[in-house]
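> Please find input.cif (mmCIF, C-alpha atoms) on the next line:
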data_work
#
loop_
_atom_site.label_atom_id
_atom_site.label_comp_id
_atom_site.auth_asym_id
_atom_site.auth_seq_id
_atom_site.Cartn_x
_atom_site.Cartn_y
_atom_site.Cartn_z
CA MET K 1 -103.82 -250.56 -116.92
CA SER K 2 -100.75 -249.52 -114.93
CA LYS K 3 -101.92 -245.89 -114.88
CA GLN K 4 -105.30 -246.97 -113.55
CA ARG K 5 -103.67 -249.01 -110.78
CA ILE K 6 -101.44 -246.09 -109.83
CA LEU K 7 -104.40 -243.70 -109.82
CA ALA K 8 -106.46 -246.05 -107.65
CA LEU K 9 -103.62 -246.38 -105.16
CA GLU K 10 -103.04 -242.62 -105.06
CA TRP K 11 -106.71 -241.97 -104.34
CA ALA K 12 -106.71 -244.63 -101.63
CA ILE K 13 -103.70 -242.98 -99.96
CA LEU K 14 -105.36 -239.57 -100.26
CA PHE K 15 -108.48 -240.94 -98.57
CA LEU K 16 -106.25 -242.03 -95.65
CA PHE K 17 -105.95 -238.31 -94.89
CA ILE K 18 -109.42 -237.07 -95.85
CA LEU K 19 -111.68 -239.97 -94.81
CA PRO K 20 -109.36 -242.33 -92.90
CA PRO K 21 -111.71 -245.34 -92.44
CA ILE K 22 -112.49 -245.43 -96.17
CA GLY K 23 -108.82 -245.15 -97.06
CA ILE K 24 -107.93 -247.92 -94.60
CA ILE K 25 -110.63 -250.28 -95.92
CA TRP K 26 -109.70 -249.43 -99.51
CA LEU K 27 -105.98 -250.17 -99.06
CA ILE K 28 -106.52 -253.29 -96.95
CA GLY K 29 -109.06 -254.51 -99.51
CA MET K 30 -106.56 -253.92 -102.33
CA GLY K 31 -103.95 -255.83 -100.34
CA ILE K 32 -106.25 -258.80 -99.69
CA CYS K 33 -107.31 -258.95 -103.36
CA HIS K 34 -103.69 -258.85 -104.47
CA GLY K 35 -102.78 -261.61 -102.02
CA ILE K 36 -105.64 -263.79 -103.27
CA ASN K 37 -104.58 -263.20 -106.89
CA ARG K 38 -101.06 -264.30 -106.07
CA MET K 39 -102.42 -267.46 -104.48
CA LEU K 40 -104.56 -268.18 -107.56
CA ARG K 41 -101.52 -267.67 -109.78
CA LYS K 42 -99.63 -270.01 -107.42
CA GLU K 43 -96.76 -267.57 -107.01
CA ASN K 44 -94.17 -268.64 -104.48
CA LEU K 45 -93.51 -266.71 -101.27
CA HIS K 46 -90.14 -266.76 -99.53
CA ILE K 47 -91.34 -267.36 -96.00
CA LEU K 48 -87.91 -266.61 -94.50
CA HIS K 49 -87.76 -263.19 -96.16
CA PRO K 50 -87.85 -260.93 -93.03
CA PRO K 51 -90.94 -258.82 -93.90
CA THR K 52 -92.84 -261.92 -95.07
CA PHE K 53 -91.75 -263.80 -91.97
CA PHE K 54 -92.91 -260.96 -89.71
CA PHE K 55 -96.38 -260.74 -91.27
CA PHE K 56 -96.73 -264.53 -91.20
CA VAL K 57 -95.72 -264.81 -87.53
CA ALA K 58 -97.85 -261.81 -86.48
CA SER K 59 -100.90 -263.37 -88.14
CA LEU K 60 -100.23 -266.69 -86.39
CA ALA K 61 -99.91 -264.88 -83.05
CA SER K 62 -103.20 -263.03 -83.58
CA ILE K 63 -104.98 -266.27 -84.54
CA GLY K 64 -103.54 -267.87 -81.42
CA ALA K 65 -104.80 -264.97 -79.28
CA CYS K 66 -108.23 -265.24 -80.91
CA LEU K 67 -108.43 -268.98 -80.11
CA ARG K 68 -107.12 -268.46 -76.59
CA THR K 69 -109.66 -265.77 -75.67
CA GLU K 70 -112.49 -267.20 -77.81
CA LYS K 71 -113.39 -263.65 -78.88
CA VAL K 72 -114.62 -263.58 -82.46
CA VAL K 73 -113.93 -259.86 -82.86
CA TYR K 74 -110.19 -260.55 -82.57
CA ALA K 75 -110.45 -262.34 -85.92
CA CYS K 76 -110.35 -258.85 -87.48
CA ILE K 77 -106.65 -258.63 -86.65
CA PRO K 78 -105.37 -261.50 -88.86
CA VAL K 79 -107.56 -260.10 -91.67
CA MET K 80 -105.94 -256.69 -91.16
CA ILE K 81 -102.46 -258.24 -91.18
CA LEU K 82 -103.31 -260.10 -94.38
CA GLY K 83 -104.26 -256.74 -95.91
CA TYR K 84 -101.00 -255.20 -94.71
CA PHE K 85 -99.00 -258.05 -96.20
CA GLY K 86 -100.94 -257.91 -99.46
CA MET K 87 -100.28 -254.17 -99.75
CA TYR K 88 -96.59 -254.81 -99.10
CA LEU K 89 -96.56 -257.37 -101.95
CA TYR K 90 -98.59 -255.04 -104.18
CA ILE K 91 -96.05 -252.23 -103.85
CA LYS K 92 -93.17 -254.63 -104.49
CA ASP K 93 -94.87 -256.15 -107.54
CA LYS K 94 -93.09 -254.90 -110.67
CA ARG K 95 -96.36 -255.00 -112.60
CA SER K 96 -97.84 -252.26 -110.39
CA ALA K 97 -95.55 -249.60 -111.97
CA TRP K 98 -95.54 -247.96 -108.54
CA ARG K 99 -92.80 -245.50 -107.65
CA LEU K 100 -92.05 -243.60 -104.47
CA HIS K 101 -92.40 -240.24 -106.21
CA HIS K 102 -96.14 -241.02 -106.49
CA PHE K 103 -96.12 -241.61 -102.75
CA SER K 104 -94.25 -238.37 -102.02
CA ARG K 105 -96.84 -236.36 -103.89
CA MET K 106 -99.70 -237.86 -101.87
CA LEU K 107 -97.82 -237.35 -98.59
CA ILE K 108 -97.36 -233.65 -99.34
CA ILE K 109 -101.00 -233.14 -100.30
CA GLY K 110 -102.18 -235.11 -97.27
CA GLY K 111 -99.83 -233.27 -94.94
CA LEU K 112 -101.11 -229.89 -96.15
CA TYR K 113 -104.68 -231.09 -95.58
CA VAL K 114 -103.86 -232.16 -92.00
CA ALA K 115 -102.19 -228.79 -91.36
CA MET K 116 -105.12 -226.86 -92.83
CA VAL K 117 -108.02 -228.58 -91.03
CA GLY K 118 -105.99 -228.61 -87.83
CA GLN K 119 -106.04 -224.82 -87.61
CA PHE K 120 -109.66 -224.92 -86.45
CA GLN K 121 -108.62 -227.18 -83.55
CA LEU K 122 -106.24 -224.55 -82.16
CA GLN K 123 -109.02 -222.23 -81.14
CA GLU K 124 -109.35 -221.67 -77.42
CA GLU K 125 -111.56 -224.24 -75.66
CA TYR K 126 -112.13 -226.07 -78.95
CA THR K 127 -114.17 -229.25 -78.59
CA TYR K 128 -115.57 -231.46 -81.31
CA GLY K 129 -119.32 -231.00 -81.15
CA GLY K 130 -120.45 -232.87 -84.24
CA ASP K 131 -121.90 -236.32 -84.68
CA TRP K 132 -119.45 -238.98 -83.50
CA ARG K 133 -119.98 -241.01 -86.68
CA ILE K 134 -118.94 -238.06 -88.84
CA GLY K 135 -116.02 -237.43 -86.50
CA MET K 136 -114.82 -241.01 -86.85
CA LEU K 137 -115.30 -240.93 -90.62
CA THR K 138 -113.32 -237.71 -91.09
CA GLY K 139 -110.73 -238.23 -88.33
CA LEU K 140 -111.75 -234.90 -86.78
CA MET K 141 -112.92 -236.42 -83.48
CA PRO K 142 -110.03 -236.60 -80.97
CA LEU K 143 -109.26 -239.97 -79.41
CA GLY K 144 -107.17 -240.28 -76.25
CA LEU K 145 -106.62 -236.52 -76.07
CA GLU K 146 -107.14 -234.79 -72.74
CA GLU K 147 -105.49 -231.45 -73.60
CA THR K 148 -106.91 -228.68 -75.77
CA GLY K 149 -105.06 -226.42 -78.14
CA ARG K 150 -103.16 -229.21 -79.90
CA LEU K 151 -103.42 -229.84 -83.63
CA PHE K 152 -104.42 -233.35 -84.66
CA GLY K 153 -105.96 -232.69 -88.07
CA SER K 154 -107.67 -235.79 -89.44
CA ALA K 155 -105.46 -238.25 -87.54
CA TYR K 156 -107.57 -238.52 -84.33
CA ASN K 157 -104.50 -237.83 -82.17
CA PRO K 158 -101.72 -235.17 -82.18
CA ASN K 159 -98.91 -237.76 -82.07
CA PHE K 160 -100.31 -239.56 -85.10
CA ALA K 161 -100.71 -236.21 -86.86
CA ALA K 162 -97.07 -235.38 -86.12
CA PHE K 163 -96.05 -238.69 -87.74
CA LEU K 164 -98.01 -237.87 -90.90
CA LEU K 165 -96.65 -234.32 -91.03
CA LEU K 166 -93.06 -235.52 -90.58
CA LEU K 167 -93.45 -237.84 -93.57
CA ALA K 168 -94.78 -234.88 -95.58
CA LEU K 169 -91.84 -232.73 -94.44
CA SER K 170 -89.30 -235.38 -95.44
CA SER K 171 -90.94 -235.55 -98.89
CA LEU K 172 -90.65 -231.78 -99.27
CA ILE K 173 -87.01 -231.81 -98.19
CA VAL K 174 -86.14 -234.53 -100.71
CA GLY K 175 -87.95 -232.63 -103.45
CA ALA K 176 -86.11 -229.40 -102.57
CA LEU K 177 -82.72 -231.14 -102.50
CA GLN K 178 -83.26 -232.77 -105.87
CA ALA K 179 -84.37 -229.45 -107.35
CA SER K 180 -81.26 -227.77 -105.91
CA GLU K 181 -79.02 -230.06 -107.96
CA ASN K 182 -80.19 -228.28 -111.09
CA PHE K 183 -81.22 -225.01 -109.52
CA LYS K 184 -81.27 -222.94 -112.73
CA ARG K 185 -83.79 -225.22 -114.40
CA LYS K 186 -85.75 -226.18 -111.28
CA LYS K 187 -85.71 -222.92 -109.35
CA ILE K 188 -89.52 -222.79 -109.11
CA SER K 189 -89.65 -226.38 -107.84
CA PHE K 190 -87.05 -225.60 -105.16
CA ILE K 191 -88.89 -222.47 -104.01
CA LEU K 192 -92.24 -224.32 -103.98
CA HIS K 193 -90.96 -227.26 -101.92
CA THR K 194 -89.17 -224.94 -99.51
CA ALA K 195 -92.21 -222.67 -99.11
CA LEU K 196 -94.58 -225.59 -98.46
CA ALA K 197 -92.25 -226.84 -95.73
CA LEU K 198 -93.14 -223.75 -93.66
CA PRO K 199 -96.83 -224.58 -92.98
CA ILE K 200 -95.94 -228.25 -92.47
CA GLY K 201 -93.22 -227.37 -89.96
CA THR K 202 -95.53 -224.93 -88.18
CA ALA K 203 -98.20 -227.62 -87.94
CA ILE K 204 -95.70 -230.06 -86.41
CA ILE K 205 -95.02 -227.52 -83.66
CA GLN K 206 -98.76 -226.99 -83.22
CA THR K 207 -99.31 -230.70 -82.57
CA GLY K 208 -97.44 -230.21 -79.30
CA SER K 209 -95.45 -233.38 -79.96
CA ARG K 210 -92.03 -232.99 -78.36
CA THR K 211 -90.66 -235.96 -80.29
CA GLY K 212 -92.09 -234.54 -83.51
CA VAL K 213 -90.36 -231.20 -83.02
CA ALA K 214 -87.05 -232.90 -82.17
CA ILE K 215 -87.21 -235.03 -85.32
CA MET K 216 -88.15 -231.98 -87.37
CA ILE K 217 -85.01 -230.22 -86.14
CA VAL K 218 -82.93 -233.27 -87.12
CA LEU K 219 -84.46 -233.28 -90.61
CA LEU K 220 -83.83 -229.55 -91.08
CA ILE K 221 -80.20 -229.92 -89.99
CA LEU K 222 -79.77 -232.80 -92.48
CA PHE K 223 -81.37 -230.61 -95.14
CA ALA K 224 -78.99 -227.76 -94.39
CA TRP K 225 -76.05 -230.19 -94.36
CA LYS K 226 -76.97 -231.45 -97.83
CA ILE K 227 -77.32 -227.91 -99.14
CA SER K 228 -74.09 -226.69 -97.56
CA ARG K 229 -72.03 -227.79 -94.59
CA TRP K 230 -71.33 -224.16 -93.78
CA VAL K 231 -75.06 -223.43 -93.74
CA SER K 232 -75.74 -226.35 -91.39
CA ALA K 233 -72.85 -225.37 -89.08
CA SER K 234 -74.05 -221.76 -89.02
CA LEU K 235 -77.60 -222.91 -88.29
CA LEU K 236 -76.43 -225.11 -85.43
CA ILE K 237 -74.34 -222.28 -83.93
CA PHE K 238 -77.27 -219.88 -84.26
CA CYS K 239 -79.56 -222.35 -82.44
CA CYS K 240 -77.01 -222.73 -79.63
CA ILE K 241 -76.68 -218.94 -79.26
CA CYS K 242 -80.48 -218.56 -79.11
CA LEU K 243 -80.65 -221.30 -76.50
CA LEU K 244 -77.96 -219.63 -74.38
CA TYR K 245 -79.65 -216.26 -74.77
CA THR K 246 -83.07 -217.47 -73.67
CA GLY K 247 -81.54 -219.67 -70.98
CA SER K 248 -84.39 -222.14 -71.23
CA LEU K 249 -85.72 -224.90 -73.45
CA SER K 250 -89.29 -223.85 -72.71
CA ASN K 251 -89.35 -221.62 -75.81
CA VAL K 252 -88.18 -224.46 -78.04
CA ILE K 253 -89.83 -227.63 -76.73
CA PRO K 254 -93.65 -227.78 -76.77
CA ARG K 255 -95.35 -228.31 -73.41
CA PHE K 256 -91.99 -228.07 -71.70
CA GLU K 257 -93.56 -227.44 -68.31
CA SER K 258 -95.28 -230.84 -68.36
CA MET K 259 -92.31 -232.83 -69.64
CA SER K 260 -91.42 -234.36 -66.27
CA GLN K 261 -95.00 -235.37 -65.58
CA SER K 262 -95.38 -236.81 -69.06
CA PHE K 263 -92.26 -238.95 -68.65
CA GLU K 264 -93.52 -240.26 -65.32
CA THR K 265 -96.82 -241.14 -66.99
CA ARG K 266 -94.94 -243.00 -69.73
CA GLN K 267 -93.04 -244.99 -67.11
CA ILE K 268 -96.32 -246.03 -65.46
CA ILE K 269 -97.75 -247.04 -68.84
CA TRP K 270 -94.64 -249.09 -69.66
CA LYS K 271 -94.78 -250.80 -66.27
CA HIS K 272 -98.41 -251.84 -66.71
CA SER K 273 -97.77 -252.75 -70.35
CA MET K 274 -95.21 -255.29 -69.17
CA GLN K 275 -97.95 -256.75 -66.99
CA VAL K 276 -100.25 -256.83 -70.01
CA TRP K 277 -97.63 -258.80 -71.94
CA GLN K 278 -97.23 -261.25 -69.07
CA THR K 279 -100.93 -262.15 -69.27
CA SER K 280 -100.30 -263.72 -72.69
CA PRO K 281 -96.55 -263.82 -73.35
CA LEU K 282 -96.63 -266.16 -76.35
CA PHE K 283 -99.46 -264.80 -78.54
CA GLY K 284 -100.04 -261.36 -77.03
CA VAL K 285 -103.42 -259.72 -76.50
CA THR K 286 -103.85 -258.23 -80.02
CA PRO K 287 -104.30 -254.48 -80.64
CA LEU K 288 -108.03 -254.81 -79.91
CA GLY K 289 -107.44 -256.47 -76.55
CA PHE K 290 -104.74 -254.19 -75.19
CA GLN K 291 -106.98 -251.53 -73.65
CA GLU K 292 -109.25 -254.10 -72.03
CA THR K 293 -106.31 -256.02 -70.56
CA TYR K 294 -104.58 -252.81 -69.46
CA ALA K 295 -107.70 -251.86 -67.49
CA LEU K 296 -107.06 -254.86 -65.24
CA PHE K 297 -103.99 -253.06 -63.86
CA ASP K 298 -104.88 -249.39 -64.29
CA LYS K 299 -108.17 -247.63 -65.04
CA ALA K 300 -106.56 -244.90 -67.15
CA GLY K 301 -108.01 -246.25 -70.41
CA VAL K 302 -104.69 -246.46 -72.25
CA ALA K 303 -105.12 -247.76 -75.82
CA HIS K 304 -101.52 -248.80 -76.56
CA ALA K 305 -98.13 -249.17 -74.89
CA HIS K 306 -96.67 -245.82 -76.04
CA ASN K 307 -93.55 -247.63 -77.22
CA LEU K 308 -93.29 -249.39 -80.55
CA LEU K 309 -91.26 -252.43 -79.48
CA LEU K 310 -93.09 -252.95 -76.20
CA GLY K 311 -96.41 -252.47 -77.98
CA LEU K 312 -95.66 -255.21 -80.51
CA PHE K 313 -94.62 -257.62 -77.75
CA CYS K 314 -97.88 -256.86 -75.92
CA GLU K 315 -100.05 -257.18 -79.01
CA TYR K 316 -98.36 -260.11 -80.75
CA GLY K 317 -96.43 -261.77 -77.95
CA VAL K 318 -92.93 -263.21 -78.08
CA LEU K 319 -93.66 -264.56 -81.55
CA GLY K 320 -94.48 -261.24 -83.18
CA GLY K 321 -92.09 -259.17 -81.07
CA THR K 322 -89.09 -261.37 -81.87
CA ALA K 323 -89.99 -261.42 -85.58
CA PHE K 324 -90.18 -257.62 -85.47
CA LEU K 325 -86.70 -257.43 -83.94
CA PHE K 326 -85.31 -259.53 -86.80
CA LEU K 327 -87.14 -257.25 -89.24
CA VAL K 328 -85.58 -254.14 -87.67
CA ILE K 329 -82.08 -255.65 -87.80
CA TRP K 330 -82.59 -256.58 -91.45
CA TYR K 331 -83.74 -253.07 -92.41
CA ILE K 332 -80.86 -251.51 -90.47
CA HIS K 333 -78.46 -253.71 -92.45
CA LYS K 334 -80.01 -252.60 -95.75
CA ALA K 335 -79.99 -248.95 -94.66
CA VAL K 336 -76.32 -249.08 -93.65
CA LYS K 337 -75.45 -250.57 -97.03
CA ALA K 338 -77.48 -247.79 -98.66
CA ILE K 339 -75.60 -244.96 -96.96
CA MET K 340 -72.11 -246.44 -97.22
CA PRO K 341 -69.64 -244.13 -99.01
CA SER K 342 -68.88 -246.91 -101.47
CA GLN K 343 -72.38 -246.54 -102.88
CA GLN K 344 -71.56 -242.94 -103.89
CA HIS K 345 -75.22 -241.95 -103.71
CA LYS K 346 -75.63 -238.37 -104.80
CA LYS K 347 -79.39 -238.17 -104.83
CA PRO K 348 -81.15 -238.16 -101.46
CA GLY K 349 -83.99 -240.62 -101.02
CA LEU K 350 -87.30 -240.39 -99.25
CA PHE K 351 -86.51 -243.53 -97.26
CA LEU K 352 -83.19 -242.18 -95.99
CA PHE K 353 -84.82 -238.93 -94.87
CA SER K 354 -87.59 -240.93 -93.23
CA LEU K 355 -85.13 -243.02 -91.24
CA PRO K 356 -85.20 -240.75 -88.15
CA ILE K 357 -89.01 -240.72 -88.19
CA LEU K 358 -89.77 -244.43 -88.04
CA PRO K 359 -87.67 -245.43 -85.00
CA LEU K 360 -87.61 -242.18 -83.00
CA THR K 361 -91.38 -241.74 -82.94
CA GLY K 362 -91.58 -245.27 -81.57
CA ILE K 363 -89.57 -244.53 -78.41
CA PHE K 364 -92.25 -242.59 -76.53
CA ASP K 365 -95.26 -243.55 -78.63
CA HIS K 366 -96.66 -246.31 -80.81
CA PRO K 367 -97.39 -244.52 -84.11
CA LEU K 368 -98.06 -247.79 -85.94
CA ALA K 369 -100.95 -248.62 -83.59
CA SER K 370 -103.19 -246.80 -86.06
CA PRO K 371 -103.80 -248.48 -89.44
CA GLN K 372 -103.77 -244.97 -90.91
CA THR K 373 -100.08 -244.55 -90.10
CA ALA K 374 -99.11 -248.24 -90.32
CA LEU K 375 -100.22 -248.49 -93.96
CA LEU K 376 -98.14 -245.45 -94.91
CA ALA K 377 -95.07 -246.95 -93.20
CA ILE K 378 -95.59 -250.26 -95.03
CA ILE K 379 -95.91 -248.52 -98.40
CA LEU K 380 -92.75 -246.50 -97.70
CA LEU K 381 -90.69 -249.53 -96.67
CA ALA K 382 -91.95 -251.72 -99.49
CA GLY K 383 -91.38 -248.99 -102.09
CA TRP K 384 -87.83 -248.35 -100.95
CA GLU K 385 -87.08 -252.08 -100.78
CA ARG K 386 -88.35 -252.57 -104.32
CA GLU K 387 -86.32 -249.72 -105.79
CA ALA K 388 -83.21 -250.72 -103.82
CA ASP K 389 -83.50 -254.27 -105.19
CA GLU K 390 -83.92 -252.94 -108.72
CA VAL K 391 -80.75 -250.87 -108.42
CA GLN K 392 -78.87 -253.86 -107.03
CA LEU K 393 -80.00 -256.04 -109.96
CA SER K 394 -79.02 -253.27 -112.36
CA SER K 395 -75.55 -253.08 -110.83
CA LEU K 396 -75.13 -256.83 -111.28
CA ALA K 397 -76.17 -256.58 -114.93
CA PHE K 398 -74.00 -253.50 -115.59
CA PRO K 399 -71.13 -253.61 -113.06
CA VAL K 400 -69.27 -250.73 -114.67
CA ARG K 401 -72.03 -248.29 -113.86
CA ASN K 402 -71.98 -246.21 -110.70
CA THR K 403 -75.09 -247.30 -108.87
CA ASP K 404 -77.01 -245.59 -106.19
CA ILE K 405 -78.95 -247.98 -103.99
CA ALA K 406 -80.51 -245.09 -102.08
CA ARG K 407 -81.76 -243.29 -105.16
CA ILE K 408 -85.48 -242.65 -105.23
CA GLU K 409 -86.94 -241.86 -108.59
CA GLN K 410 -88.48 -238.41 -108.84
CA PRO K 411 -90.36 -236.76 -111.72
CA GLY K 412 -87.91 -235.27 -114.15
CA SER K 413 -84.86 -236.82 -112.50
#
Taking this structure as input, can you express it in the form of structure tokens?

Amino acid sequence: MSKQRILALEWAILFLFILPPIGIIWLIGMGICHGINRMLRKENLHILHPPTFFFFVASLASIGACLRTEKVVYACIPVMILGYFGMYLYIKDKRSAWRLHHFSRMLIIGGLYVAMVGQFQLQEEYTYGGDWRIGMLTGLMPLGLEETGRLFGSAYNPNFAAFLLLLALSSLIVGALQASENFKRKKISFILHTALALPIGTAIIQTGSRTGVAIMIVLLILFAWKISRWVSASLLIFCCICLLYTGSLSNVIPRFESMSQSFETRQIIWKHSMQVWQTSPLFGVTPLGFQETYALFDKAGVAHAHNLLLGLFCEYGVLGGTAFLFLVIWYIHKAVKAIMPSQQHKKPGLFLFSLPILPLTGIFDHPLASPQTALLAIILLAGWEREADEVQLSSLAFPVRNTDIARIEQPGS
């Protein structure tokens, strides 16, 4: 039964990349069913547990926004949040036999798919000319994209594609590092993970996401540091020499010439997003109502706030935004405990290598505005939280053992 549940979840995650709407409905449906089963079994929920508290408050805020505006369509948002919360509980459920190495495998396959189908979008003057229904089903129809020549794969938008590709890259880096610990036996695994990182890294550059490229550089430096401090120092010096030689960042940063204009656009969006929040400060306007409310102040047709924290305050008001802040502080606390020297963690974890991705992509964008990316983030956080808790319980049962709270189980480890 456990194998069937794992297989169903893996296929659902894979469909997030291939046919995003089906994958989204599948995972949200699994989450809702799991939540209903827990209610029927009368299992207790710790409402003050930060992730539970966040989902509970966000659902209350969306219900409040639905009642305030009297728009029935907004009722989709609390249903979506219920699915998110159910998926979070599903991953944390010990009976699911779910491990993050299953997740890593799907991220790598999905990332390669995004990189592959995205190559057709790099052709000069490429425009999607198919049926819009097929485009929405496959994720191949661009949304909110005014520029051509940027890879977005099956994620509708280059910035969302960069988020997916960065998760795939972090999975490859973790796999390569774990193979390097026993290089003689796992030489092929190391070479394979390292080789697959090349098309993923190239695709990140092709998305034209400046934040994505910056985070990729951070991940590669961390990878080099784990392999050898001399290698990482040499790599950093080499990058500095190349930068001094070229005398410009234009060869390193995508769309460098439009950076100033893009930042000015972000400032305008943030300014109007604050006005959006002020229209409903307590409950927010929900993700579905943001674009409509934003149009009252600017006709640019902006779909989200292009900042994770500001976006959550706009969509879920003070209630959801404040709960999210508590959630962030709680995860930071757990992450700091995970990377403390006293933990003596020798094996790198997917969560720790994903740490730069989750917050940094949220500075100039709102990657979790899409259920496609939000579900992956929830699975990642819930999976790490579950395995961290299991290690902590193990250390309490066997205090003489050296524990590793950041360890992520990998095949063959």
> Run the PyMOL selection byres ((chain K and resi 168) around 9) against the file shown and list the residues it catches, as an mmCIF file with C-alpha atoms, keeping the file's coordinate frame.

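Just written: out.cif:
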data_model
loop_
_atom_site.group_PDB
_atom_site.id
_atom_site.type_symbol
_atom_site.label_atom_id
_atom_site.label_comp_id
_atom_site.auth_asym_id
_atom_site.auth_seq_id
_atom_site.Cartn_x
_atom_site.Cartn_y
_atom_site.Cartn_z
ATOM 1 C CA SER K 104 -94.250 -238.370 -102.020
ATOM 2 C CA ARG K 105 -96.840 -236.360 -103.890
ATOM 3 C CA MET K 106 -99.700 -237.860 -101.870
ATOM 4 C CA LEU K 107 -97.820 -237.350 -98.590
ATOM 5 C CA ILE K 108 -97.360 -233.650 -99.340
ATOM 6 C CA ILE K 109 -101.000 -233.140 -100.300
ATOM 7 C CA GLY K 110 -102.180 -235.110 -97.270
ATOM 8 C CA GLY K 111 -99.830 -233.270 -94.940
ATOM 9 C CA LEU K 112 -101.110 -229.890 -96.150
ATOM 10 C CA PHE K 163 -96.050 -238.690 -87.740
ATOM 11 C CA LEU K 164 -98.010 -237.870 -90.900
ATOM 12 C CA LEU K 165 -96.650 -234.320 -91.030
ATOM 13 C CA LEU K 166 -93.060 -235.520 -90.580
ATOM 14 C CA LEU K 167 -93.450 -237.840 -93.570
ATOM 15 C CA LEU K 169 -91.840 -232.730 -94.440
ATOM 16 C CA SER K 170 -89.300 -235.380 -95.440
ATOM 17 C CA SER K 171 -90.940 -235.550 -98.890
ATOM 18 C CA LEU K 172 -90.650 -231.780 -99.270
ATOM 19 C CA ILE K 173 -87.010 -231.810 -98.190
ATOM 20 C CA ALA K 197 -92.250 -226.840 -95.730
ATOM 21 C CA ILE K 200 -95.940 -228.250 -92.470
#
> When you look at K:Val72 with a cut-off of 12 Å (counting all atoms listed in the file), what residues show up, excluding the ones that are within fewer than 5 positions of it in the same chain? I need them as a tab-separated table (two decimals) with C-alpha atoms, in the coordinates of the input.

chain	number	residue	atom	x	y	z
K	62	SER	CA	-103.20	-263.03	-83.58
K	63	ILE	CA	-104.98	-266.27	-84.54
K	64	GLY	CA	-103.54	-267.87	-81.42
K	65	ALA	CA	-104.80	-264.97	-79.28
K	66	CYS	CA	-108.23	-265.24	-80.91
K	67	LEU	CA	-108.43	-268.98	-80.11
K	77	ILE	CA	-106.65	-258.63	-86.65
K	78	PRO	CA	-105.37	-261.50	-88.86
K	288	LEU	CA	-108.03	-254.81	-79.91
K	289	GLY	CA	-107.44	-256.47	-76.55
> Neighbourhood query: residues within 12 Å of (-104.3, -243.4, -105.4), file coordinates, counting only C-alpha atoms; return as an mmCIF file with C-alpha atoms, keeping the file's coordinate frame.

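So the final result, stored in point.cif, reads:
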data_model
loop_
_atom_site.group_PDB
_atom_site.id
_atom_site.type_symbol
_atom_site.label_atom_id
_atom_site.label_comp_id
_atom_site.auth_asym_id
_atom_site.auth_seq_id
_atom_site.Cartn_x
_atom_site.Cartn_y
_atom_site.Cartn_z
ATOM 1 C CA SER K 2 -100.750 -249.520 -114.930
ATOM 2 C CA LYS K 3 -101.920 -245.890 -114.880
ATOM 3 C CA GLN K 4 -105.300 -246.970 -113.550
ATOM 4 C CA ARG K 5 -103.670 -249.010 -110.780
ATOM 5 C CA ILE K 6 -101.440 -246.090 -109.830
ATOM 6 C CA LEU K 7 -104.400 -243.700 -109.820
ATOM 7 C CA ALA K 8 -106.460 -246.050 -107.650
ATOM 8 C CA LEU K 9 -103.620 -246.380 -105.160
ATOM 9 C CA GLU K 10 -103.040 -242.620 -105.060
ATOM 10 C CA TRP K 11 -106.710 -241.970 -104.340
ATOM 11 C CA ALA K 12 -106.710 -244.630 -101.630
ATOM 12 C CA ILE K 13 -103.700 -242.980 -99.960
ATOM 13 C CA LEU K 14 -105.360 -239.570 -100.260
ATOM 14 C CA PHE K 15 -108.480 -240.940 -98.570
ATOM 15 C CA LEU K 16 -106.250 -242.030 -95.650
ATOM 16 C CA PHE K 17 -105.950 -238.310 -94.890
ATOM 17 C CA GLY K 23 -108.820 -245.150 -97.060
ATOM 18 C CA TRP K 26 -109.700 -249.430 -99.510
ATOM 19 C CA LEU K 27 -105.980 -250.170 -99.060
ATOM 20 C CA MET K 30 -106.560 -253.920 -102.330
ATOM 21 C CA TRP K 98 -95.540 -247.960 -108.540
ATOM 22 C CA ARG K 99 -92.800 -245.500 -107.650
ATOM 23 C CA HIS K 102 -96.140 -241.020 -106.490
ATOM 24 C CA PHE K 103 -96.120 -241.610 -102.750
ATOM 25 C CA SER K 104 -94.250 -238.370 -102.020
ATOM 26 C CA ARG K 105 -96.840 -236.360 -103.890
ATOM 27 C CA MET K 106 -99.700 -237.860 -101.870
ATOM 28 C CA LEU K 107 -97.820 -237.350 -98.590
ATOM 29 C CA ILE K 109 -101.000 -233.140 -100.300
ATOM 30 C CA GLY K 110 -102.180 -235.110 -97.270
#
> Give me the result of the PyMOL selection byres ((chain K and resi 134-151) around 9) on this file, residue by residue, as a PyMOL selection string.
chain K and resi 17-22+114-115+117-133+152-158+161-162+203-209+301-303
> In terms of the shortest atom-to-atom distance over only C-alpha atoms, which of K:His272, K:Arg386, K:Lys337, K:His193 is closest to K:Leu296?
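Going through K:His272, K:Arg386, K:Lys337, K:His193 one by one, the smallest distance to K:Leu296 is for K:His272.
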> Hey, can you check how far atom CA of K:Ala305 sits from atom CA of K:Glu385?
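Atom-to-atom, atom CA of K:Ala305 to atom CA of K:Glu385, that is 28.3 Å.
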> Please build the interface table for stretch 29-106 of chain K against stretch 314-335 of chain K with a cut-off of 7 Å, listing for each qualifying residue the nearest atom pair and the distance in Å to one decimal; count only C-alpha atoms, order rows by chain and increasing number, and write it as CSV.

residue,atom,partner,partner_atom,distance
K:Pro50,CA,K:Leu327,CA,5.3
K:Pro51,CA,K:Leu327,CA,6.2
K:Phe54,CA,K:Ala323,CA,5.1
K:Val57,CA,K:Gly320,CA,5.8
K:Ala58,CA,K:Gly320,CA,4.8
K:Ala61,CA,K:Tyr316,CA,5.5
K:Ser62,CA,K:Tyr316,CA,6.3
